[in-house]
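*Asks:* Following this line is query-v2.cif, made up of mmCIF, C-alpha atoms:
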```cif
data_protein
loop_
_atom_site.label_atom_id
_atom_site.label_comp_id
_atom_site.auth_asym_id
_atom_site.auth_seq_id
_atom_site.Cartn_x
_atom_site.Cartn_y
_atom_site.Cartn_z
CA MET A 1411 134.82 103.75 63.28
CA ASP A 1412 134.63 100.38 61.52
CA GLY A 1413 133.44 100.23 57.93
CA PHE A 1414 134.59 101.27 54.49
CA ALA A 1415 134.90 104.92 53.56
CA ARG A 1416 131.86 106.14 51.65
CA SER A 1417 133.88 106.42 48.43
CA VAL A 1418 134.74 102.70 48.41
CA ARG A 1419 133.01 100.35 45.97
CA LEU A 1420 133.24 96.57 45.64
CA PHE A 1421 132.75 95.37 42.06
CA SER A 1422 133.96 92.91 39.45
CA VAL A 1423 135.08 93.26 35.86
CA GLY A 1424 135.33 90.13 33.78
CA MET A 1425 136.77 87.45 36.03
CA ILE A 1426 138.50 89.96 38.31
CA GLY A 1427 137.10 90.92 41.73
CA LEU A 1428 138.02 94.50 42.60
CA ILE A 1429 137.63 97.01 45.38
CA GLY A 1430 138.27 100.67 44.61
CA ASN A 1431 138.67 103.88 46.57
CA CYS A 1432 137.02 106.39 44.26
CA ASP A 1433 138.50 109.33 46.22
CA ASN A 1434 142.12 108.56 45.38
CA GLY A 1435 141.68 106.10 42.51
CA CYS A 1436 143.37 103.16 44.22
CA VAL A 1437 142.16 99.75 42.99
CA ILE A 1438 142.97 96.43 44.67
CA GLY A 1439 142.41 93.05 43.06
CA LEU A 1440 140.68 90.45 45.23
CA THR A 1441 140.71 86.69 45.46
CA THR A 1442 137.41 84.83 45.74
CA GLU A 1443 137.91 84.75 49.52
CA GLY A 1444 138.76 88.44 49.51
CA VAL A 1445 135.50 89.29 47.74
CA ARG A 1446 133.56 87.21 50.27
CA ASP A 1447 135.27 88.76 53.30
CA CYS A 1448 134.97 92.33 51.99
CA THR A 1449 131.28 91.75 51.29
CA ASP A 1450 130.78 90.46 54.86
CA PHE A 1451 132.67 93.45 56.28
CA GLY A 1452 130.72 95.92 54.15
CA ASN A 1453 127.46 94.36 55.35
CA SER A 1454 128.62 94.44 59.01
CA ILE A 1455 128.56 90.64 59.25
CA ILE A 1456 132.17 90.73 60.49
CA ASP A 1457 134.12 93.54 62.16
CA ILE A 1458 137.53 94.95 61.32
CA GLY A 1459 139.23 92.63 63.78
CA GLU A 1460 137.85 89.53 62.09
CA LEU A 1461 138.60 90.92 58.63
CA GLU A 1462 142.17 91.57 59.72
CA ARG A 1463 142.48 88.03 61.10
CA ARG A 1464 141.33 86.60 57.77
CA GLN A 1465 143.03 89.10 55.45
CA PRO A 1466 145.93 90.83 57.28
CA GLU A 1467 147.71 92.05 54.12
CA LEU A 1468 144.48 93.34 52.66
CA VAL A 1469 143.59 95.31 55.80
CA TYR A 1470 147.10 96.75 55.84
CA ALA A 1471 146.52 98.01 52.28
CA PHE A 1472 143.08 99.34 53.22
CA ARG A 1473 144.60 101.43 56.02
CA ARG A 1474 147.48 102.62 53.92
CA TYR A 1475 145.33 103.71 50.99
CA GLY A 1476 142.35 105.20 52.79
CA PHE A 1477 139.74 102.47 52.28
CA LEU A 1478 138.52 102.63 55.87
CA ASP A 1479 136.64 105.44 57.59
CA GLU A 1480 139.61 105.88 59.90
CA GLY A 1481 142.00 106.55 57.04
CA CYS A 1482 140.05 108.33 54.34
CA PHE A 1483 142.41 110.50 52.24
CA TYR A 1484 139.92 113.15 51.21
CA GLY A 1485 136.57 114.44 52.31
CA LYS A 1486 133.61 114.82 50.00
CA GLY A 1487 134.33 117.55 47.50
CA SER A 1488 137.98 118.19 48.37
CA LEU A 1489 139.27 120.46 45.62
CA ARG A 1490 142.67 119.49 44.23
CA SER A 1491 143.03 121.08 40.79
CA ALA A 1492 141.87 124.15 38.92
CA TYR A 1493 141.98 125.70 35.47
CA LEU A 1494 142.78 129.39 35.44
CA HIS A 1495 142.04 131.20 32.17
CA VAL A 1496 144.47 134.09 32.33
CA THR A 1497 143.10 135.67 29.15
CA ASP A 1498 140.21 135.29 26.75
CA ARG A 1499 142.31 136.63 23.88
CA CYS A 1500 143.52 134.17 21.29
CA ASN A 1501 145.53 134.38 18.06
CA MET A 1502 143.68 131.41 16.56
CA ASP A 1503 140.07 130.39 15.95
CA CYS A 1504 140.01 126.62 16.26
CA VAL A 1505 137.05 124.37 15.47
CA GLY A 1506 135.85 122.69 18.65
CA CYS A 1507 137.72 124.98 21.08
CA TYR A 1508 136.06 124.38 24.46
CA SER A 1509 136.24 128.07 25.38
CA ARG A 1510 135.22 129.49 22.01
CA SER A 1511 132.50 132.09 22.55
CA ASP A 1512 131.09 135.38 21.35
CA GLY A 1513 133.31 137.10 23.91
CA ARG A 1514 136.54 135.83 22.38
CA ASN A 1515 139.03 138.69 22.01
CA LYS A 1516 136.52 141.10 23.56
CA THR A 1517 136.80 140.40 27.29
CA PRO A 1518 139.59 142.57 28.76
CA ASP A 1519 142.37 140.80 30.65
CA LEU A 1520 142.17 140.90 34.42
CA PRO A 1521 144.95 142.94 36.04
CA PHE A 1522 147.90 140.97 37.43
CA ALA A 1523 146.87 141.86 41.00
CA ASP A 1524 143.41 140.34 40.46
CA LEU A 1525 144.89 137.12 39.11
CA CYS A 1526 147.19 136.94 42.12
CA ALA A 1527 144.19 137.36 44.42
CA ILE A 1528 142.39 134.53 42.60
CA ILE A 1529 145.45 132.28 42.87
CA ASP A 1530 145.71 132.98 46.61
CA LYS A 1531 142.07 131.99 47.06
CA LEU A 1532 142.55 128.80 45.04
CA ALA A 1533 145.55 127.90 47.16
CA SER A 1534 143.53 128.48 50.34
CA LEU A 1535 140.96 125.99 49.02
CA GLY A 1536 143.65 123.33 48.81
CA ILE A 1537 144.38 123.48 45.09
CA GLN A 1538 147.67 121.72 44.38
CA ARG A 1539 147.55 121.52 40.58
CA LEU A 1540 146.97 124.68 38.55
CA HIS A 1541 146.44 124.61 34.79
CA LEU A 1542 147.08 127.96 33.11
CA SER A 1543 144.94 128.27 30.02
CA GLY A 1544 143.06 130.78 27.89
CA GLY A 1545 142.58 132.00 25.18
CA GLU A 1546 146.28 131.85 24.52
CA PRO A 1547 148.20 132.42 27.79
CA ALA A 1548 151.38 133.41 25.96
CA LEU A 1549 149.66 136.62 24.85
CA ARG A 1550 150.14 137.88 28.42
CA CYS A 1551 153.56 139.41 28.94
CA ASP A 1552 153.29 138.77 32.69
CA LEU A 1553 152.77 135.01 32.28
CA CYS A 1554 156.01 134.16 34.11
CA ALA A 1555 155.03 136.38 37.04
CA ILE A 1556 151.61 134.69 37.22
CA ALA A 1557 153.20 131.24 37.39
CA GLU A 1558 155.77 132.43 39.93
CA HIS A 1559 153.02 133.76 42.16
CA ALA A 1560 151.24 130.40 42.02
CA LYS A 1561 154.39 128.67 43.24
CA LYS A 1562 154.88 131.24 46.02
CA ALA A 1563 151.26 130.66 47.07
CA GLY A 1564 152.11 127.01 47.74
CA ILE A 1565 150.65 125.37 44.63
CA THR A 1566 152.97 122.47 43.94
CA TRP A 1567 152.24 121.85 40.24
CA VAL A 1568 151.69 124.53 37.61
CA ASP A 1569 151.33 123.66 33.94
CA LEU A 1570 150.56 125.66 30.83
CA ALA A 1571 148.45 125.02 27.74
CA THR A 1572 149.49 126.81 24.55
CA ASN A 1573 148.93 126.65 20.81
CA GLY A 1574 152.64 127.32 20.30
CA LEU A 1575 152.07 129.87 17.56
CA LEU A 1576 154.18 132.55 19.28
CA ALA A 1577 157.01 130.06 19.90
CA PHE A 1578 157.74 131.97 23.19
CA SER A 1579 160.22 134.19 21.37
CA ASP A 1580 159.69 137.11 23.76
CA PHE A 1581 159.88 135.08 27.01
CA ASP A 1582 162.66 134.56 29.52
CA LEU A 1583 162.63 130.78 29.18
CA ASP A 1584 164.99 130.22 32.11
CA ARG A 1585 162.50 132.07 34.29
CA LEU A 1586 159.60 130.14 32.77
CA SER A 1587 161.28 126.77 33.34
CA ALA A 1588 161.71 127.59 37.03
CA CYS A 1589 157.97 127.94 37.65
CA ILE A 1590 156.24 125.80 35.00
CA ASP A 1591 156.22 122.04 35.54
CA ASP A 1592 154.91 121.10 32.10
CA VAL A 1593 153.91 122.83 28.88
CA PHE A 1594 151.14 121.26 26.80
CA VAL A 1595 151.55 122.28 23.18
CA SER A 1596 148.46 121.69 21.05
CA VAL A 1597 149.30 120.11 17.71
CA ASP A 1598 147.11 119.67 14.67
CA GLY A 1599 148.47 118.22 11.47
CA LEU A 1600 151.87 116.74 10.72
CA PRO A 1601 154.95 118.34 9.13
CA ASP A 1602 154.44 116.50 5.82
CA GLY A 1603 150.70 115.99 6.04
CA ALA A 1604 147.65 117.83 4.82
CA ASN A 1605 146.02 120.56 6.85
CA ARG A 1606 143.52 118.96 9.21
CA ARG A 1607 141.31 122.04 9.36
CA ILE A 1608 141.16 122.68 13.10
CA ARG A 1609 143.90 125.28 13.02
CA ILE A 1610 145.44 127.48 10.35
CA GLU A 1611 147.95 125.89 7.97
CA SER A 1612 150.96 127.88 9.21
CA SER A 1613 150.47 126.65 12.76
CA LYS A 1614 152.08 123.23 12.17
CA GLN A 1615 155.67 124.40 11.87
CA SER A 1616 155.20 127.01 14.59
CA GLN A 1617 153.97 124.38 17.03
CA LEU A 1618 156.87 122.05 16.31
CA ARG A 1619 159.32 124.96 16.55
CA ALA A 1620 157.83 125.91 19.92
CA ILE A 1621 158.28 122.34 21.17
CA CYS A 1622 161.92 122.32 20.14
CA ILE A 1623 162.61 125.75 21.68
CA LEU A 1624 160.97 124.81 24.96
CA ARG A 1625 162.77 121.46 25.14
CA SER A 1626 166.15 123.02 24.38
CA ASN A 1627 165.62 125.46 27.26
CA GLY A 1628 164.97 122.74 29.81
CA LEU A 1629 161.17 122.80 29.98
CA ASN A 1630 159.13 119.64 30.21
CA VAL A 1631 156.87 119.43 27.17
CA THR A 1632 153.84 117.31 26.37
CA MET A 1633 152.68 117.25 22.77
CA LEU A 1634 148.88 117.44 22.67
CA PRO A 1635 147.38 116.43 19.31
CA THR A 1636 143.64 116.93 18.95
CA ILE A 1637 142.07 113.79 17.51
CA HIS A 1638 139.03 114.19 15.26
CA ALA A 1639 137.29 112.26 12.49
CA LYS A 1640 139.79 113.32 9.82
CA ASN A 1641 143.08 112.37 11.53
CA ILE A 1642 142.46 109.11 13.42
CA ASP A 1643 144.89 107.25 11.17
CA ASP A 1644 147.59 109.76 12.10
CA ILE A 1645 147.74 108.56 15.73
CA PRO A 1646 150.71 106.18 15.15
CA THR A 1647 152.58 108.96 13.32
CA TYR A 1648 152.00 111.35 16.21
CA LEU A 1649 153.40 108.72 18.59
CA ASN A 1650 156.51 108.35 16.46
CA LEU A 1651 156.89 112.12 16.23
CA ALA A 1652 156.77 112.43 20.03
CA ASP A 1653 159.50 109.78 20.29
CA LYS A 1654 161.60 111.65 17.73
CA LEU A 1655 161.19 114.96 19.58
CA LYS A 1656 161.79 113.22 22.95
CA VAL A 1657 158.62 114.62 24.52
CA ARG A 1658 155.63 113.08 26.21
CA ILE A 1659 152.37 112.82 24.33
CA SER A 1660 148.75 113.01 25.40
CA PHE A 1661 145.75 113.03 23.10
CA SER A 1662 142.86 115.46 23.28
CA MET A 1663 139.55 114.26 21.88
CA LEU A 1664 137.67 116.84 19.85
CA SER A 1665 134.47 117.30 21.86
CA CYS A 1666 131.48 119.55 22.18
CA SER A 1667 131.51 121.75 25.28
CA ALA A 1668 128.81 123.74 27.04
CA CYS A 1669 129.72 126.90 25.11
CA ASN A 1670 130.71 125.37 21.77
CA ARG A 1671 128.75 122.58 20.12
CA ASN A 1672 129.99 123.17 16.57
CA LEU A 1673 132.39 120.44 15.40
CA GLU A 1674 131.51 120.97 11.73
CA ASP A 1675 132.22 117.65 9.95
CA LEU A 1676 134.92 116.54 12.38
CA GLY A 1677 132.69 114.72 14.90
CA PHE A 1678 133.04 110.98 15.46
CA THR A 1679 130.89 108.05 14.39
CA LYS A 1680 130.67 104.94 16.60
CA LYS A 1681 133.04 103.21 14.20
CA ASP A 1682 135.52 106.07 14.62
CA LEU A 1683 135.39 105.68 18.41
CA LEU A 1684 136.27 101.99 18.18
CA ARG A 1685 139.21 102.78 15.90
CA ILE A 1686 140.48 105.36 18.37
CA ALA A 1687 140.21 102.87 21.24
CA HIS A 1688 142.25 100.39 19.20
CA PHE A 1689 145.03 102.88 18.48
CA LEU A 1690 145.18 104.22 22.03
CA ASP A 1691 145.35 100.74 23.51
CA ILE A 1692 148.29 99.94 21.26
CA GLU A 1693 149.93 103.10 22.60
CA SER A 1694 149.19 102.18 26.22
CA ALA A 1695 151.03 98.86 25.78
CA ARG A 1696 154.10 100.36 24.09
CA GLY A 1697 157.43 99.69 25.74
CA GLY A 1698 156.02 96.95 27.93
CA LYS A 1699 153.92 99.36 30.00
CA LYS A 1700 151.71 97.52 32.46
CA PRO A 1701 147.93 97.95 32.33
CA VAL A 1702 146.57 100.37 34.92
CA LEU A 1703 143.11 100.82 36.39
CA SER A 1704 141.80 103.69 38.51
CA ALA A 1705 138.54 103.85 40.47
CA ARG A 1706 136.22 106.83 40.19
CA LEU A 1707 132.65 107.83 40.91
CA SER A 1708 132.62 110.78 38.53
CA CYS A 1709 134.78 112.86 36.22
CA GLY A 1710 135.55 115.18 39.15
CA ALA A 1711 133.82 118.28 37.75
CA GLY A 1712 132.87 120.57 40.63
CA LYS A 1713 134.15 118.04 43.16
CA THR A 1714 137.90 117.78 42.89
CA MET A 1715 138.33 120.43 40.23
CA VAL A 1716 136.96 123.83 39.20
CA SER A 1717 137.62 126.23 36.37
CA VAL A 1718 138.05 129.99 36.65
CA SER A 1719 137.16 131.97 33.53
CA ALA A 1720 138.93 135.07 32.25
CA ASP A 1721 136.51 137.32 34.17
CA GLY A 1722 136.85 135.45 37.47
CA GLY A 1723 133.75 133.29 37.11
CA VAL A 1724 133.93 129.83 38.70
CA TYR A 1725 132.57 126.73 36.96
CA PRO A 1726 132.64 122.97 37.61
CA CYS A 1727 135.12 122.41 34.77
CA HIS A 1728 136.66 124.13 31.78
CA MET A 1729 134.13 122.53 29.42
CA LEU A 1730 131.11 123.60 31.46
CA GLN A 1731 131.64 127.35 31.36
CA ALA A 1732 128.02 128.22 30.67
CA PRO A 1733 125.86 130.66 32.71
CA GLU A 1734 123.67 127.89 34.16
CA PHE A 1735 126.75 126.26 35.70
CA CYS A 1736 128.33 129.37 37.23
CA ILE A 1737 129.24 128.67 40.86
CA GLY A 1738 130.22 132.23 41.68
CA ASN A 1739 132.95 134.77 41.00
CA MET A 1740 136.38 134.69 42.63
CA LEU A 1741 136.64 138.47 42.64
CA HIS A 1742 133.21 139.30 44.01
CA ASP A 1743 131.92 136.37 46.11
CA PRO A 1744 133.13 135.05 49.48
CA LEU A 1745 134.82 131.65 49.19
CA VAL A 1746 132.23 130.04 51.44
CA LYS A 1747 129.48 131.09 49.03
CA ILE A 1748 131.37 129.53 46.14
CA VAL A 1749 132.21 126.29 47.92
CA GLU A 1750 128.69 125.85 49.27
CA SER A 1751 126.74 127.06 46.23
CA HIS A 1752 123.74 125.03 45.14
CA VAL A 1753 125.28 124.47 41.70
CA ARG A 1754 128.38 122.93 43.22
CA GLN A 1755 126.24 120.85 45.56
CA GLU A 1756 124.51 119.37 42.52
CA PHE A 1757 127.88 118.26 41.18
CA LEU A 1758 128.99 116.93 44.56
CA ASP A 1759 125.93 114.69 44.53
CA LEU A 1760 126.37 113.69 40.87
CA THR A 1761 128.00 110.27 40.43
CA VAL A 1762 127.99 107.50 37.84
CA GLU A 1763 125.24 105.97 39.99
CA SER A 1764 123.06 108.98 39.09
CA VAL A 1765 123.26 108.23 35.37
CA GLU A 1766 120.66 105.59 34.58
CA GLU A 1767 122.43 104.31 31.47
CA CYS A 1768 125.73 103.98 33.36
CA SER A 1769 124.82 102.71 36.83
CA SER A 1770 124.59 99.05 35.80
CA CYS A 1771 127.57 99.09 33.43
CA THR A 1772 130.43 96.68 34.14
CA TYR A 1773 132.93 99.54 33.86
CA ALA A 1774 130.94 102.12 35.86
CA TYR A 1775 133.49 102.51 38.66
CA LEU A 1776 136.42 102.65 36.24
CA CYS A 1777 135.21 105.38 33.87
CA GLY A 1778 133.04 107.18 36.46
CA GLY A 1779 130.45 107.94 33.81
CA GLY A 1780 132.91 109.61 31.45
CA CYS A 1781 132.70 113.33 30.73
CA ARG A 1782 129.63 115.21 32.01
CA ALA A 1783 130.36 118.15 29.72
CA ARG A 1784 130.20 115.97 26.62
CA ALA A 1785 126.99 114.38 27.93
CA PHE A 1786 125.45 117.80 28.56
CA ALA A 1787 126.36 119.08 25.10
CA GLU A 1788 124.91 115.98 23.44
CA GLU A 1789 121.73 115.10 25.37
CA GLY A 1790 121.88 116.26 28.98
CA LEU A 1791 123.90 116.22 32.18
CA LEU A 1792 122.40 112.92 33.35
CA LYS A 1793 122.78 111.13 30.03
CA LYS A 1794 125.67 108.86 29.09
CA ASP A 1795 128.88 110.24 27.60
CA PRO A 1796 128.56 110.16 23.78
CA TYR A 1797 132.06 108.65 23.70
CA CYS A 1798 130.88 105.76 25.90
CA ARG A 1799 131.57 103.12 23.24
CA MET A 1800 135.23 104.10 23.08
CA LEU A 1801 135.55 104.01 26.87
CA GLN A 1802 133.93 100.58 27.09
CA GLU A 1803 136.25 99.19 24.46
CA HIS A 1804 139.27 100.73 26.17
CA TYR A 1805 138.46 99.26 29.58
CA ALA A 1806 137.62 95.88 28.05
CA ASN A 1807 141.09 95.84 26.47
CA VAL A 1808 142.80 96.90 29.72
CA VAL A 1809 141.00 94.21 31.71
CA ARG A 1810 141.87 91.63 29.08
CA ARG A 1811 145.56 92.57 29.41
CA ILE A 1812 145.37 92.28 33.19
CA GLU A 1813 143.78 88.84 32.95
CA GLU A 1814 146.53 87.76 30.54
CA THR A 1815 149.26 89.23 32.76
CA PHE A 1816 148.06 87.51 35.92
CA GLY A 1817 146.77 84.36 34.31
CA GLY A 1818 143.07 85.11 35.02
#
```
In structure tokens, how does this file's structure come out?

*Replies:*
Amino acid sequence: MDGFARSVRLFSVGMIGLIGNCDNGCVIGLTTEGVRDCTDFGNSIIDIGELERRQPELVYAFRRYGFLDEGCFYGKGSLRSAYLHVTDRCNMDCVGCYSRSDGRNKTPDLPFADLCAIIDKLASLGIQRLHLSGGEPALRCDLCAIAEHAKKAGITWVDLATNGLLAFSDFDLDRLSACIDDVFVSVDGLPDGANRRIRIESSKQSQLRAICILRSNGLNVTMLPTIHAKNIDDIPTYLNLADKLKVRISFSMLSCSACNRNLEDLGFTKKDLLRIAHFLDIESARGGKKPVLSARLSCGAGKTMVSVSADGGVYPCHMLQAPEFCIGNMLHDPLVKIVESHVRQEFLDLTVESVEECSSCTYAYLCGGGCRARAFAEEGLLKKDPYCRMLQEHYANVVRRIEETFGG
């Protein structure tokens, strides 16, 4: 069938004409003629044969990257990743924890067999990336066996989020390295800095020790500092620390979630958000890295990802684990009921075009409307992401770099 796949959008940012496949993120830059011809094709003024005659290289790329109906990579709502909370127990009590709730340290752990059953069901749904989280996953002595089962079930990527406090002293790290593709170690505060008040003071050295132990035993490690209003100026120091430790770094933004809206005095002002965008854009250009854009219609919650809570409940994402967003339960409900639930259908239909304040934004198809969980916690599911100003500044900087790189 001729025509673009339903996830394809034609748009422009600055002086750059773009066409994006919001299913797989692929973005292609267009010449003035390319914009004209794609517009004619999208409006059925010309057919695929004429488009190919005018733009043979472009049509080749369209076919290769799923821009046409005949080559669409994914169907609507194809699940690809999942969070699995293997425990609700935690040895810390962090401000802003997305899963912080009254049930913390009260919900009993699911038996290993139940977790294996959940993993098998996730694999049957097409999940290829599994994020093991909690609580603190390292409190489970069978963590290695859980990860091994995920690999045996056919899940290609399994990573782990940890606060690092236990430093994995009781784990067979050779066994862990064979089944865990990456370990995200949350970090708050610096070795010589003041306590930043998200985590307890003694956690700093434990987290750094955990990073060193994991690295020395062959595991891939990503340092995950949580950025909040009191440590924005520490971002360059975190970057240097990651270089020194020879690990990757990714930043987590302190955010309200559906079950925890208490950030105390650590929430951001609009000025803070602009400062963060500035620091992160400096980081994105380090080492001569090229600017990258990705197309999206949404954050993916409930569409390409789901989150399974410590009691087997299924939610659109790990930050929307509230009763009103429960899709079903992996242990009690048939998969078809979960996949076709009315709650999930609402998220399948939810795009940046549904958010009135976002639909006309220049960067709509790049940020996809930002985070729906943050929007829900602030004003409502169909309101703009409260971190919108940071996202706009970030994409403006990326586009500016692209224009400079290609002489736009």

*Asks:* Run through the PyMOL selection byres ((chain A and resi 1792-1807) around 10) on the given coordinates and return the selected residues as a PyMOL selection string.

*Replies:* chain A and resi 1423-1424+1663+1665-1666+1678-1692+1701-1703+1760-1762+1764-1769+1771-1774+1776-1777+1779-1791+1808-1813

*Asks:* Enumerate, as a short mmCIF file (atom, residue, chain, number, x, y, z; two decimals) with C-alpha atoms, keeping the file's coordinate frame, the residues matched when the PyMOL selection byres ((chain A and resi 1498) around 7) is run on the file above.

*Replies:*
```cif
data_model
loop_
_atom_site.label_atom_id
_atom_site.label_comp_id
_atom_site.auth_asym_id
_atom_site.auth_seq_id
_atom_site.Cartn_x
_atom_site.Cartn_y
_atom_site.Cartn_z
CA THR A 1497 143.10 135.67 29.15
CA ARG A 1499 142.31 136.63 23.88
CA CYS A 1500 143.52 134.17 21.29
CA ARG A 1514 136.54 135.83 22.38
CA ASN A 1515 139.03 138.69 22.01
CA THR A 1517 136.80 140.40 27.29
CA GLY A 1544 143.06 130.78 27.89
CA GLY A 1545 142.58 132.00 25.18
CA ALA A 1720 138.93 135.07 32.25
#
```

*Asks:* Which one of A:Leu1624, A:Val1437, A:Ala1577, A:Cys1432 sits closest to Gly1778 (chain A) if you count only C-alpha atoms?

*Replies:*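 Closest residue, counting only C-alpha atoms: A:Cys1432.
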
*Asks:* Please evaluate the PyMOL selection byres ((chain A and resi 1752) around 12) against the structure above and give the resulting residues as number ranges by chain.

*Replies:* A: 1712, 1726, 1734-1738, 1746-1751, 1753-1759

*Asks:* I'd like the interatomic distance between CA of Cys1436 (chain A) and CA of Asp1592 (chain A), to a tenth of an Å.

*Replies:*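 Straight-line distance from CA of Cys1436 (chain A) to CA of Asp1592 (chain A) works out to 24.5 Å.
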
*Asks:* Using only C-alpha atoms, which protein or nucleic acid residues come within 10 Å of Ile1528 (chain A)? Drop anything in the same chain fewer than 4 positions from it, and give the result as a list of chain:residue names.

*Replies:*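 Near Ile1528 (chain A), the qualifying residues are A:Leu1494, A:Phe1522, A:Ala1523, A:Asp1524, A:Leu1532, A:Ala1533, A:Ser1534, A:Ala1560, A:Val1718, A:Gly1722, A:Asn1739, A:Met1740, A:Leu1741.
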
*Asks:* Report, in Å with one decimal, the straight-line distance from CA of Ser1417 (chain A) to CA of Asn1431 (chain A).

*Replies:*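 Value for the CA of Ser1417 (chain A)-CA of Asn1431 (chain A) distance: 5.7 Å.
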
*Asks:* Could you give me, as a ChimeraX atom specification, the residues within 12 Å of Tyr1493 (chain A), counting all atoms listed in the file and dropping anything in the same chain fewer than 4 positions from it?

*Replies:* /A:1489,1497,1509,1528-1529,1532,1537-1544,1547,1567-1571,1711-1712,1714-1720,1722-1731

*Asks:* In Å, how far is it from CA of Asp1743 (chain A) to CA of Gly1536 (chain A)?

*Replies:*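 Separation of CA of Asp1743 (chain A) and CA of Gly1536 (chain A): 17.7 Å.
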
*Asks:* Using only C-alpha atoms, which residue out of A:Asn1501, A:Asn1573, A:Ser1704, A:Ser1488 lies closest to Leu1535 (chain A)?

*Replies:*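 The shortest atom-to-atom distance to Leu1535 (chain A) comes from A:Ser1488.
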
*Asks:* Do a neighbour search on Glu1462 (chain A) at 12 Å with only C-alpha atoms, toss out local chain neighbours closer than 3 positions, and write the hits as a PyMOL selection string.

*Replies:* chain A and resi 1412+1444+1447-1448+1451+1456-1459+1465-1473

*Asks:* Which residue gives the smallest distance to Lys1654 (chain A) among A:Leu1520, A:Ile1623, A:Ala1527, A:Leu1618, with all atoms listed in the file counted?

*Replies:*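 Of A:Leu1520, A:Ile1623, A:Ala1527, A:Leu1618, the one nearest Lys1654 (chain A), counting all atoms listed in the file, is A:Leu1618.
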
*Asks:* Ranking A:Ala1620, A:Ala1639, A:Leu1649, A:Val1595 by minimum distance to Phe1578 (chain A) and counting all atoms listed in the file, which one comes first?

*Replies:*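 Among A:Ala1620, A:Ala1639, A:Leu1649, A:Val1595, it is A:Ala1620 that comes nearest to Phe1578 (chain A).
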